$ cat run-v6.pdb   # PDB, C-alpha atoms
ATOM      1  CA  MET A   1     -19.212   0.777  33.254
ATOM      2  CA  ILE A   2     -20.070   1.170  36.933
ATOM      3  CA  GLU A   3     -21.749   4.354  38.116
ATOM      4  CA  LEU A   4     -20.697   5.720  41.503
ATOM      5  CA  ASP A   5     -22.510   8.178  43.725
ATOM      6  CA  THR A   6     -20.853  10.716  46.019
ATOM      7  CA  THR A   7     -20.774   8.315  48.972
ATOM      8  CA  ASP A   8     -19.049   5.632  46.875
ATOM      9  CA  ARG A   9     -16.461   8.175  45.791
ATOM     10  CA  LEU A  10     -15.764   9.209  49.393
ATOM     11  CA  ILE A  11     -15.385   5.534  50.378
ATOM     12  CA  LEU A  12     -12.928   4.986  47.500
ATOM     13  CA  ARG A  13     -10.954   8.018  48.591
ATOM     14  CA  GLU A  14     -10.681   6.608  52.135
ATOM     15  CA  LEU A  15      -9.610   3.158  50.904
ATOM     16  CA  VAL A  16      -6.992   4.638  48.579
ATOM     17  CA  ARG A  17      -5.601   6.526  51.568
ATOM     18  CA  ASP A  18      -5.643   3.416  53.797
ATOM     19  CA  ALA A  19      -7.035   0.080  52.615
ATOM     20  CA  THR A  20      -6.823  -1.519  56.061
ATOM     21  CA  GLN A  21      -9.750   0.504  57.465
ATOM     22  CA  SER A  22     -12.760  -1.570  58.541
ATOM     23  CA  ALA A  23     -16.291  -0.971  57.276
ATOM     24  CA  SER A  24     -17.278   0.376  60.681
ATOM     25  CA  ALA A  25     -14.338   2.826  60.743
ATOM     26  CA  ILE A  26     -15.260   4.109  57.289
ATOM     27  CA  GLY A  27     -18.923   4.258  58.304
ATOM     28  CA  ARG A  28     -18.004   6.443  61.270
ATOM     29  CA  ILE A  29     -16.033   8.856  59.080
ATOM     30  CA  LEU A  30     -18.827   9.196  56.517
ATOM     31  CA  GLY A  31     -21.830   8.905  58.864
ATOM     32  CA  LEU A  32     -23.002   5.494  57.584
ATOM     33  CA  SER A  33     -24.020   2.435  59.579
ATOM     34  CA  GLN A  34     -21.535  -0.457  59.552
ATOM     35  CA  PRO A  35     -23.794  -2.677  57.341
ATOM     36  CA  ALA A  36     -24.408   0.162  54.868
ATOM     37  CA  ALA A  37     -20.686   0.885  54.591
ATOM     38  CA  TRP A  38     -19.908  -2.832  54.264
ATOM     39  CA  ARG A  39     -22.471  -3.279  51.442
ATOM     40  CA  ARG A  40     -20.952  -0.421  49.483
ATOM     41  CA  ILE A  41     -17.344  -1.562  50.013
ATOM     42  CA  ASN A  42     -18.354  -5.083  49.027
ATOM     43  CA  ARG A  43     -19.998  -3.819  45.825
ATOM     44  CA  LEU A  44     -16.833  -1.860  44.924
ATOM     45  CA  ARG A  45     -14.784  -5.052  45.298
ATOM     46  CA  GLU A  46     -17.278  -7.383  43.591
ATOM     47  CA  THR A  47     -17.658  -5.151  40.542
ATOM     48  CA  GLY A  48     -13.880  -4.854  40.226
ATOM     49  CA  VAL A  49     -13.714  -1.093  40.823
ATOM     50  CA  ILE A  50     -11.220  -1.964  43.562
ATOM     51  CA  LYS A  51      -8.920  -4.455  41.890
ATOM     52  CA  GLY A  52      -6.569  -5.042  44.786
ATOM     53  CA  GLN A  53      -4.241  -3.496  47.308
ATOM     54  CA  ARG A  54      -0.744  -2.153  47.019
ATOM     55  CA  LEU A  55       1.797  -2.011  49.820
ATOM     56  CA  GLU A  56       3.892   1.110  49.665
ATOM     57  CA  LEU A  57       7.376   0.186  50.845
ATOM     58  CA  ASP A  58      10.322   2.423  51.601
ATOM     59  CA  HIS A  59      12.682   1.022  48.950
ATOM     60  CA  GLU A  60      15.716   2.813  50.335
ATOM     61  CA  LYS A  61      15.290   1.264  53.773
ATOM     62  CA  LEU A  62      15.212  -2.143  52.056
ATOM     63  CA  GLY A  63      18.468  -1.407  50.256
ATOM     64  CA  PHE A  64      17.089  -0.428  46.849
ATOM     65  CA  GLY A  65      18.200   3.155  46.454
ATOM     66  CA  VAL A  66      17.817   3.499  42.690
ATOM     67  CA  THR A  67      14.765   3.316  40.435
ATOM     68  CA  VAL A  68      15.288   3.834  36.706
ATOM     69  CA  PHE A  69      12.730   4.041  33.938
ATOM     70  CA  LEU A  70      13.936   2.604  30.654
ATOM     71  CA  GLY A  71      12.405   3.395  27.308
ATOM     72  CA  VAL A  72      13.154   0.454  25.026
ATOM     73  CA  LYS A  73      12.852   0.379  21.286
ATOM     74  CA  LEU A  74      12.976  -2.973  19.573
ATOM     75  CA  ALA A  75      15.458  -3.381  16.741
ATOM     76  CA  THR A  76      13.455  -6.040  14.956
ATOM     77  CA  LYS A  77       9.682  -6.272  15.022
ATOM     78  CA  GLY A  78       7.070  -8.853  14.226
ATOM     79  CA  ARG A  79       4.787 -10.883  16.428
ATOM     80  CA  VAL A  80       7.311 -13.509  17.420
ATOM     81  CA  SER A  81       9.967 -11.054  18.514
ATOM     82  CA  LEU A  82       7.470  -9.093  20.635
ATOM     83  CA  GLU A  83       6.476 -12.245  22.498
ATOM     84  CA  ASP A  84      10.084 -13.363  22.958
ATOM     85  CA  PHE A  85      11.011  -9.941  24.277
ATOM     86  CA  GLU A  86       8.036  -9.778  26.656
ATOM     87  CA  ARG A  87       8.700 -13.224  28.062
ATOM     88  CA  ALA A  88      12.393 -12.568  28.612
ATOM     89  CA  VAL A  89      11.970  -9.107  30.103
ATOM     90  CA  SER A  90       9.203 -10.219  32.480
ATOM     91  CA  ALA A  91      11.534 -12.874  33.902
ATOM     92  CA  ILE A  92      14.110 -10.320  35.111
ATOM     93  CA  PRO A  93      13.578  -9.865  38.860
ATOM     94  CA  GLU A  94      14.829  -6.260  38.893
ATOM     95  CA  VAL A  95      12.241  -5.269  36.269
ATOM     96  CA  GLN A  96       9.147  -4.325  38.272
ATOM     97  CA  THR A  97       6.805  -3.233  35.525
ATOM     98  CA  VAL A  98       6.666  -3.733  31.770
ATOM     99  CA  GLU A  99       4.312  -1.553  29.759
ATOM    100  CA  HIS A 100       3.688  -1.764  26.050
ATOM    101  CA  ILE A 101       3.353   1.771  24.691
ATOM    102  CA  LEU A 102       2.851   3.599  21.429
ATOM    103  CA  GLY A 103       5.074   6.502  20.530
ATOM    104  CA  LEU A 104       8.777   7.141  20.761
ATOM    105  CA  TYR A 105       9.432   3.760  22.430
ATOM    106  CA  ASP A 106       7.868   0.328  22.334
ATOM    107  CA  TYR A 107       8.163  -0.550  26.013
ATOM    108  CA  ARG A 108       8.625   1.213  29.288
ATOM    109  CA  LEU A 109      10.353  -0.703  32.076
ATOM    110  CA  ARG A 110      10.607   0.195  35.718
ATOM    111  CA  VAL A 111      13.867  -1.177  37.096
ATOM    112  CA  VAL A 112      15.007  -1.209  40.732
ATOM    113  CA  ALA A 113      18.624  -1.571  41.802
ATOM    114  CA  ARG A 114      20.655  -1.298  44.985
ATOM    115  CA  ASP A 115      22.802   1.533  43.615
ATOM    116  CA  ILE A 116      24.092   2.898  40.313
ATOM    117  CA  SER A 117      26.748   0.187  39.863
ATOM    118  CA  ASP A 118      24.117  -2.481  40.543
ATOM    119  CA  PHE A 119      21.933  -0.781  37.930
ATOM    120  CA  GLU A 120      24.815  -0.901  35.466
ATOM    121  CA  ARG A 121      25.106  -4.653  36.039
ATOM    122  CA  VAL A 122      21.362  -5.119  35.377
ATOM    123  CA  LEU A 123      21.535  -2.949  32.274
ATOM    124  CA  ARG A 124      24.582  -4.683  30.761
ATOM    125  CA  ARG A 125      23.952  -8.282  31.709
ATOM    126  CA  ARG A 126      20.179  -8.457  31.556
ATOM    127  CA  ILE A 127      18.626  -5.620  29.547
ATOM    128  CA  MET A 128      21.131  -5.191  26.725
ATOM    129  CA  THR A 129      21.160  -8.959  26.154
ATOM    130  CA  LEU A 130      17.370  -9.221  25.680
ATOM    131  CA  PRO A 131      16.210 -10.598  22.321
ATOM    132  CA  GLY A 132      15.513  -7.855  19.798
ATOM    133  CA  VAL A 133      16.467  -4.921  22.014
ATOM    134  CA  GLY A 134      17.444  -1.755  20.126
ATOM    135  CA  ASP A 135      17.621   1.773  21.497
ATOM    136  CA  VAL A 136      17.476   2.167  25.282
ATOM    137  CA  GLU A 137      16.907   5.456  27.075
ATOM    138  CA  ALA A 138      17.356   5.709  30.847
ATOM    139  CA  ASN A 139      15.817   8.241  33.207
ATOM    140  CA  VAL A 140      16.646   8.006  36.912
ATOM    141  CA  LEU A 141      13.629   8.537  39.165
ATOM    142  CA  LEU A 142      14.109  11.412  41.607
ATOM    143  CA  SER A 143      10.634  11.677  43.103
ATOM    144  CA  GLU A 144       7.283  10.067  42.662
ATOM    145  CA  GLU A 145       3.825  11.103  43.716
ATOM    146  CA  ARG A 146       0.621   9.116  43.233
ATOM    147  CA  ARG A 147      -2.565  11.145  43.087
ATOM    148  CA  PRO A 148      -6.038   9.915  44.057
ATOM    149  CA  GLY A 149      -7.401  10.446  40.518
ATOM    150  CA  PRO A 150     -10.815  11.768  39.434
ATOM    151  CA  ILE A 151     -12.877  10.403  42.348
ATOM    152  CA  GLY A 152     -14.236  13.731  43.511
TER     153      GLY A 152
ATOM    154  CA  MET B   1       7.841  -3.051  59.554
ATOM    155  CA  GLN B   2       5.280  -0.327  60.074
ATOM    156  CA  GLU B   3       7.149   1.009  63.123
ATOM    157  CA  GLU B   4      10.467   1.076  61.301
ATOM    158  CA  GLY B   5       8.848   2.952  58.449
ATOM    159  CA  ILE B   6       9.496   0.223  55.873
ATOM    160  CA  LEU B   7       5.779  -0.253  55.286
ATOM    161  CA  ARG B   8       4.535   3.209  54.486
ATOM    162  CA  ALA B   9       0.959   2.548  53.413
ATOM    163  CA  ASN B  10      -1.479  -0.066  52.208
ATOM    164  CA  ARG B  11      -3.676   1.446  49.519
ATOM    165  CA  ALA B  12      -6.653   0.215  47.537
ATOM    166  CA  VAL B  13      -5.957   0.091  43.790
ATOM    167  CA  ILE B  14      -8.735   1.395  41.541
ATOM    168  CA  ASP B  15      -9.474  -0.174  38.161
ATOM    169  CA  TRP B  16     -10.117   2.983  36.154
ATOM    170  CA  ARG B  17     -11.400   0.973  33.189
ATOM    171  CA  ALA B  18     -14.261  -0.292  35.349
ATOM    172  CA  LEU B  19     -15.180   3.357  35.905
ATOM    173  CA  GLY B  20     -15.146   4.129  32.180
ATOM    174  CA  TYR B  21     -11.617   5.513  31.760
ATOM    175  CA  GLU B  22     -10.382   3.731  28.640
ATOM    176  CA  VAL B  23      -7.386   5.853  27.690
ATOM    177  CA  GLU B  24      -4.083   6.074  29.573
ATOM    178  CA  VAL B  25      -1.329   8.364  28.349
ATOM    179  CA  SER B  26       2.188   9.072  29.598
ATOM    180  CA  LEU B  27       3.262  12.640  29.055
ATOM    181  CA  ARG B  28       7.007  13.191  29.086
ATOM    182  CA  ILE B  29       7.700  16.804  29.830
ATOM    183  CA  THR B  30      10.738  19.008  29.542
ATOM    184  CA  LEU B  31      10.537  22.242  31.525
ATOM    185  CA  ASP B  32      11.921  25.679  30.808
ATOM    186  CA  LYS B  33      14.744  25.601  33.370
ATOM    187  CA  THR B  34      15.578  29.295  32.961
ATOM    188  CA  GLN B  35      12.625  29.710  35.337
ATOM    189  CA  PRO B  36      14.016  28.970  38.812
ATOM    190  CA  ARG B  37      10.646  27.865  40.198
ATOM    191  CA  ALA B  38       9.610  25.878  37.128
ATOM    192  CA  PHE B  39       9.454  22.476  38.898
ATOM    193  CA  ASP B  40       7.510  23.685  41.935
ATOM    194  CA  GLU B  41       5.025  25.727  39.964
ATOM    195  CA  PHE B  42       4.485  23.043  37.350
ATOM    196  CA  MET B  43       3.935  20.327  39.967
ATOM    197  CA  ALA B  44       1.573  22.471  42.038
ATOM    198  CA  ALA B  45      -0.536  23.140  38.933
ATOM    199  CA  ALA B  46      -0.445  19.480  37.817
ATOM    200  CA  ARG B  47      -1.790  18.401  41.231
ATOM    201  CA  ASN B  48      -4.943  20.377  40.479
ATOM    202  CA  VAL B  49      -5.756  18.257  37.417
ATOM    203  CA  PRO B  50      -7.878  15.353  38.787
ATOM    204  CA  GLU B  51      -7.114  13.061  35.822
ATOM    205  CA  VAL B  52      -3.379  13.101  36.649
ATOM    206  CA  LEU B  53      -2.617   9.823  38.451
ATOM    207  CA  GLU B  54       1.167  10.039  38.818
ATOM    208  CA  ILE B  55       3.759  12.773  38.878
ATOM    209  CA  GLN B  56       7.374  11.632  38.624
ATOM    210  CA  THR B  57      10.537  13.691  38.361
ATOM    211  CA  PHE B  58      13.693  12.429  36.663
ATOM    212  CA  LEU B  59      17.361  12.908  36.122
ATOM    213  CA  GLY B  60      17.862  12.222  32.442
ATOM    214  CA  ARG B  61      16.520  13.263  29.088
ATOM    215  CA  VAL B  62      13.096  14.265  30.413
ATOM    216  CA  ASP B  63      12.321  16.274  33.541
ATOM    217  CA  LEU B  64       8.914  14.958  34.461
ATOM    218  CA  ARG B  65       6.355  12.389  33.574
ATOM    219  CA  LEU B  66       2.626  12.660  34.141
ATOM    220  CA  SER B  67       0.372   9.666  33.872
ATOM    221  CA  ILE B  68      -3.124  10.782  32.911
ATOM    222  CA  ILE B  69      -6.389   8.963  32.203
ATOM    223  CA  ALA B  70      -9.360   9.931  30.041
ATOM    224  CA  ARG B  71     -12.732   8.407  29.154
ATOM    225  CA  ASP B  72     -11.991   8.289  25.410
ATOM    226  CA  MET B  73      -9.870  10.039  22.776
ATOM    227  CA  GLY B  74     -12.268  12.997  22.606
ATOM    228  CA  HIS B  75     -12.037  13.495  26.339
ATOM    229  CA  TYR B  76      -8.250  13.121  26.155
ATOM    230  CA  GLN B  77      -7.989  15.769  23.464
ATOM    231  CA  GLN B  78     -10.095  18.144  25.528
ATOM    232  CA  LEU B  79      -7.997  17.481  28.659
ATOM    233  CA  TYR B  80      -4.758  17.882  26.736
ATOM    234  CA  ARG B  81      -5.786  21.268  25.402
ATOM    235  CA  SER B  82      -7.526  22.738  28.423
ATOM    236  CA  ALA B  83      -5.652  21.242  31.379
ATOM    237  CA  ILE B  84      -2.225  20.054  30.196
ATOM    238  CA  LEU B  85      -1.009  22.582  27.645
ATOM    239  CA  THR B  86      -2.018  25.347  30.076
ATOM    240  CA  LEU B  87       0.384  24.061  32.778
ATOM    241  CA  PRO B  88       3.217  26.516  33.433
ATOM    242  CA  HIS B  89       6.821  26.425  32.091
ATOM    243  CA  ILE B  90       6.500  23.574  29.564
ATOM    244  CA  ALA B  91       9.338  23.635  27.021
ATOM    245  CA  ASP B  92       8.532  20.353  25.298
ATOM    246  CA  ILE B  93       6.004  17.578  25.661
ATOM    247  CA  GLU B  94       5.832  14.051  24.233
ATOM    248  CA  ALA B  95       2.855  11.740  24.531
ATOM    249  CA  LEU B  96       3.101   7.959  24.770
ATOM    250  CA  MET B  97      -0.115   6.003  24.525
ATOM    251  CA  HIS B  98      -0.466   3.084  26.841
ATOM    252  CA  VAL B  99      -1.313  -0.200  25.071
ATOM    253  CA  ALA B 100      -0.932  -2.969  27.639
ATOM    254  CA  ARG B 101       0.574  -3.791  30.992
ATOM    255  CA  ILE B 102       2.680  -6.929  30.593
ATOM    256  CA  LYS B 103       4.058  -7.109  34.122
ATOM    257  CA  SER B 104       3.172  -5.106  37.215
ATOM    258  CA  ASP B 105       4.515  -6.857  40.284
ATOM    259  CA  GLU B 106       6.303  -4.004  41.923
ATOM    260  CA  VAL B 107       7.955  -6.699  44.050
ATOM    261  CA  LEU B 108      11.525  -6.090  45.176
ATOM    262  CA  PRO B 109      14.134  -8.704  44.150
ATOM    263  CA  LEU B 110      15.044  -9.363  47.820
TER     264      LEU B 110
END
$ encode --input "run-v6.pdb" --output "structure tokens"
Amino acid sequence: MIELDTTDRLILRELVRDATQSASAIGRILGLSQPAAWRRINRLRETGVIKGQRLELDHEKLGFGVTVFLGVKLATKGRVSLEDFERAVSAIPEVQTVEHILGLYDYRLRVVARDISDFERVLRRRIMTLPGVGDVEANVLLSEERRPGPIG
Amino acid sequence: MQEEGILRANRAVIDWRALGYEVEVSLRITLDKTQPRAFDEFMAAARNVPEVLEIQTFLGRVDLRLSIIARDMGHYQQLYRSAILTLPHIADIEALMHVARIKSDEVLPL
């Protein structure tokens, strides 16, 4: 586990807000020299605290107006069926994320579609035909907010 | 793309495991909708819990989902009791424990 001090936390906060900022820009905000800021940012990347970058796109402007979360319960279980299901579901382009969960459902899928009828096509042709799929619950995403998390 | 507002932001992604957060839980929440300001008040209070990473609202069987992280099960239990169950207007709550992320592209099928 990597320990962070207050300065590291403030740097993380800045990079979560905007990852394109240079070390000198971040140094100016936090009152650090460019090399000092660079060393800290580099350490955060090297140690894997920052695991990458995510582009936030306006899905509606790109023609994807609908995001649906599906809770999927498998009808048949066992190691082989889990792997078959995971492989098949990961290959569906409209499925953005696949999470294995414990509780009411086995998997949570994030599905994007152009509109509700496009979603229906994805659901009928691709999701309902997956190997081993049982109960499916759909919740249409209305709003989404990502928070910075416990970084002080 | 930036000018047209298609690209809204480019954010660093934090690996919370590297910082010692081992537990990730999805809380599916149904609100007491007889309270007209239930959504606003619940969301405002949820924003004050630092361990909440995502707040989503839905049309469907559940009203909201919170994604929260904790250092371990003991920490999760403490958070659940002191910070989550005290949020306003909760009618029902279901917890789903995160096991693994199989796919996380978030790429659009363009």
$ residues_around --input "run-v6.pdb" --residues "A:Phe64" --least-positions-apart "3" --cutoff "9 Å" --atoms "all atoms listed in the file" --output "MDAnalysis selection string"
(chainID A and resid 58:61 67 112:115) or (chainID B and resid 108)
$ resolve_selection --input "run-v6.pdb" --expression "the ChimeraX specification (/A :<9) & /B" --output "VMD selection string"
chain B and resid 4 to 20 25 to 26 47 49 to 63 68 to 69 94 to 110
$ atom_distance --input "run-v6.pdb" --atom1 "atom CA of A:Arg9" --atom2 "atom CA of A:Leu30"
11.0 Å
$ closest_residue --input "run-v6.pdb" --among "A:Ala88, A:Leu82, A:Lys73, A:Ser24" --to "A:Val133" --atoms "all atoms listed in the file"
A:Lys73
$ resolve_selection --input "run-v6.pdb" --expression "the PyMOL selection byres ((chain B and resi 90) around 8)" --output "number ranges by chain"
B: 29-32, 85, 87-89, 91-93
$ write_last_selection --input "run-v6.pdb" --atoms "C-alpha atoms" --output "compact mmCIF listing (two decimals), in the frame of the given file"
# COMPACT_ATOMS: atom_id res chain seq x y z
CA ILE B 29 7.70 16.80 29.83
CA THR B 30 10.74 19.01 29.54
CA LEU B 31 10.54 22.24 31.52
CA ASP B 32 11.92 25.68 30.81
CA LEU B 85 -1.01 22.58 27.64
CA LEU B 87 0.38 24.06 32.78
CA PRO B 88 3.22 26.52 33.43
CA HIS B 89 6.82 26.42 32.09
CA ALA B 91 9.34 23.64 27.02
CA ASP B 92 8.53 20.35 25.30
CA ILE B 93 6.00 17.58 25.66
$ residues_around --input "run-v6.pdb" --residues "A:Ala36" --least-positions-apart "6" --cutoff "10 Å" --atoms "only C-alpha atoms" --output "NGL selection string"
:A and (23-24 or 27 or 42)
$ write_last_selection --input "run-v6.pdb" --atoms "C-alpha atoms" --output "compact mmCIF listing (two decimals), in the frame of the given file"
# COMPACT_ATOMS: atom_id res chain seq x y z
CA ALA A 23 -16.29 -0.97 57.28
CA SER A 24 -17.28 0.38 60.68
CA GLY A 27 -18.92 4.26 58.30
CA ASN A 42 -18.35 -5.08 49.03
$ atom_distance --input "run-v6.pdb" --atom1 "atom CA of A:Gly71" --atom2 "atom CA of B:Val23"
19.9 Å
$ atom_distance --input "run-v6.pdb" --atom1 "atom CA of B:Gly74" --atom2 "atom CA of B:Tyr21"
11.8 Å
$ closest_residue --input "run-v6.pdb" --among "B:Ile84, B:Met1, B:Gln77, B:Leu27" --to "B:Ala46" --atoms "all atoms listed in the file"
B:Ile84
$ build_atoms --input "run-v6.pdb" --residues "stretch 9-19 of chain B" --atoms "all heavy atoms" --output "mmCIF file, keeping the file's coordinate frame"
data_model
loop_
_atom_site.group_PDB
_atom_site.id
_atom_site.type_symbol
_atom_site.label_atom_id
_atom_site.label_comp_id
_atom_site.auth_asym_id
_atom_site.auth_seq_id
_atom_site.Cartn_x
_atom_site.Cartn_y
_atom_site.Cartn_z
ATOM 1 N N ALA B 9 2.415 2.482 53.560
ATOM 2 C CA ALA B 9 0.959 2.548 53.413
ATOM 3 C C ALA B 9 0.462 1.292 52.725
ATOM 4 O O ALA B 9 1.211 0.584 52.062
ATOM 5 C CB ALA B 9 0.566 3.777 52.601
ATOM 6 N N ASN B 10 -0.807 1.035 52.897
ATOM 7 C CA ASN B 10 -1.479 -0.066 52.208
ATOM 8 C C ASN B 10 -2.701 0.567 51.540
ATOM 9 O O ASN B 10 -3.624 0.994 52.213
ATOM 10 C CB ASN B 10 -1.889 -1.118 53.244
ATOM 11 C CG ASN B 10 -2.557 -2.318 52.601
ATOM 12 O OD1 ASN B 10 -2.953 -2.276 51.432
ATOM 13 N ND2 ASN B 10 -2.703 -3.380 53.359
ATOM 14 N N ARG B 11 -2.642 0.683 50.226
ATOM 15 C CA ARG B 11 -3.676 1.446 49.519
ATOM 16 C C ARG B 11 -4.512 0.560 48.610
ATOM 17 O O ARG B 11 -3.991 -0.373 48.005
ATOM 18 C CB ARG B 11 -3.019 2.527 48.646
ATOM 19 C CG ARG B 11 -2.160 3.501 49.432
ATOM 20 C CD ARG B 11 -1.632 4.583 48.512
ATOM 21 N NE ARG B 11 -0.639 5.405 49.186
ATOM 22 C CZ ARG B 11 -0.942 6.385 50.025
ATOM 23 N NH1 ARG B 11 -2.189 6.685 50.258
ATOM 24 N NH2 ARG B 11 0.012 7.084 50.616
ATOM 25 N N ALA B 12 -5.795 0.895 48.506
ATOM 26 C CA ALA B 12 -6.653 0.215 47.537
ATOM 27 C C ALA B 12 -6.243 0.676 46.141
ATOM 28 O O ALA B 12 -5.870 1.831 45.941
ATOM 29 C CB ALA B 12 -8.111 0.562 47.797
ATOM 30 N N VAL B 13 -6.287 -0.248 45.172
ATOM 31 C CA VAL B 13 -5.957 0.091 43.790
ATOM 32 C C VAL B 13 -7.250 0.113 42.977
ATOM 33 O O VAL B 13 -8.007 -0.858 42.978
ATOM 34 C CB VAL B 13 -4.978 -0.947 43.188
ATOM 35 C CG1 VAL B 13 -4.628 -0.581 41.745
ATOM 36 C CG2 VAL B 13 -3.711 -1.022 44.030
ATOM 37 N N ILE B 14 -7.501 1.221 42.307
ATOM 38 C CA ILE B 14 -8.735 1.395 41.541
ATOM 39 C C ILE B 14 -8.519 0.937 40.100
ATOM 40 O O ILE B 14 -7.500 1.252 39.488
ATOM 41 C CB ILE B 14 -9.174 2.877 41.554
ATOM 42 C CG1 ILE B 14 -9.483 3.312 42.989
ATOM 43 C CG2 ILE B 14 -10.389 3.096 40.643
ATOM 44 C CD1 ILE B 14 -9.798 4.774 43.136
ATOM 45 N N ASP B 15 -9.487 0.189 39.579
ATOM 46 C CA ASP B 15 -9.474 -0.174 38.161
ATOM 47 C C ASP B 15 -10.225 0.919 37.408
ATOM 48 O O ASP B 15 -11.456 0.942 37.385
ATOM 49 C CB ASP B 15 -10.161 -1.530 37.968
ATOM 50 C CG ASP B 15 -10.122 -1.975 36.512
ATOM 51 O OD1 ASP B 15 -9.710 -1.186 35.645
ATOM 52 O OD2 ASP B 15 -10.510 -3.128 36.258
ATOM 53 N N TRP B 16 -9.477 1.822 36.798
ATOM 54 C CA TRP B 16 -10.117 2.983 36.154
ATOM 55 C C TRP B 16 -10.939 2.579 34.946
ATOM 56 O O TRP B 16 -11.900 3.260 34.595
ATOM 57 C CB TRP B 16 -9.070 4.041 35.793
ATOM 58 C CG TRP B 16 -8.511 4.662 37.026
ATOM 59 C CD1 TRP B 16 -7.311 4.411 37.610
ATOM 60 C CD2 TRP B 16 -9.173 5.598 37.889
ATOM 61 N NE1 TRP B 16 -7.181 5.127 38.771
ATOM 62 C CE2 TRP B 16 -8.308 5.870 38.967
ATOM 63 C CE3 TRP B 16 -10.430 6.230 37.859
ATOM 64 C CZ2 TRP B 16 -8.646 6.750 39.997
ATOM 65 C CZ3 TRP B 16 -10.760 7.109 38.890
ATOM 66 C CH2 TRP B 16 -9.876 7.353 39.939
ATOM 67 N N ARG B 17 -10.596 1.456 34.317
ATOM 68 C CA ARG B 17 -11.400 0.973 33.189
ATOM 69 C C ARG B 17 -12.816 0.647 33.627
ATOM 70 O O ARG B 17 -13.777 0.907 32.909
ATOM 71 C CB ARG B 17 -10.757 -0.266 32.576
ATOM 72 C CG ARG B 17 -9.861 0.085 31.434
ATOM 73 C CD ARG B 17 -9.135 -1.142 30.909
ATOM 74 N NE ARG B 17 -7.934 -0.688 30.250
ATOM 75 C CZ ARG B 17 -7.898 -0.268 29.003
ATOM 76 N NH1 ARG B 17 -8.986 -0.273 28.268
ATOM 77 N NH2 ARG B 17 -6.778 0.161 28.472
ATOM 78 N N ALA B 18 -12.934 0.057 34.827
ATOM 79 C CA ALA B 18 -14.261 -0.292 35.349
ATOM 80 C C ALA B 18 -15.102 0.965 35.556
ATOM 81 O O ALA B 18 -16.323 0.904 35.570
ATOM 82 C CB ALA B 18 -14.123 -1.060 36.663
ATOM 83 N N LEU B 19 -14.459 2.101 35.715
ATOM 84 C CA LEU B 19 -15.180 3.357 35.905
ATOM 85 C C LEU B 19 -15.295 4.143 34.597
ATOM 86 O O LEU B 19 -15.689 5.305 34.599
ATOM 87 C CB LEU B 19 -14.481 4.210 36.974
ATOM 88 C CG LEU B 19 -14.513 3.624 38.386
ATOM 89 C CD1 LEU B 19 -13.700 4.472 39.345
ATOM 90 C CD2 LEU B 19 -15.948 3.502 38.881
#
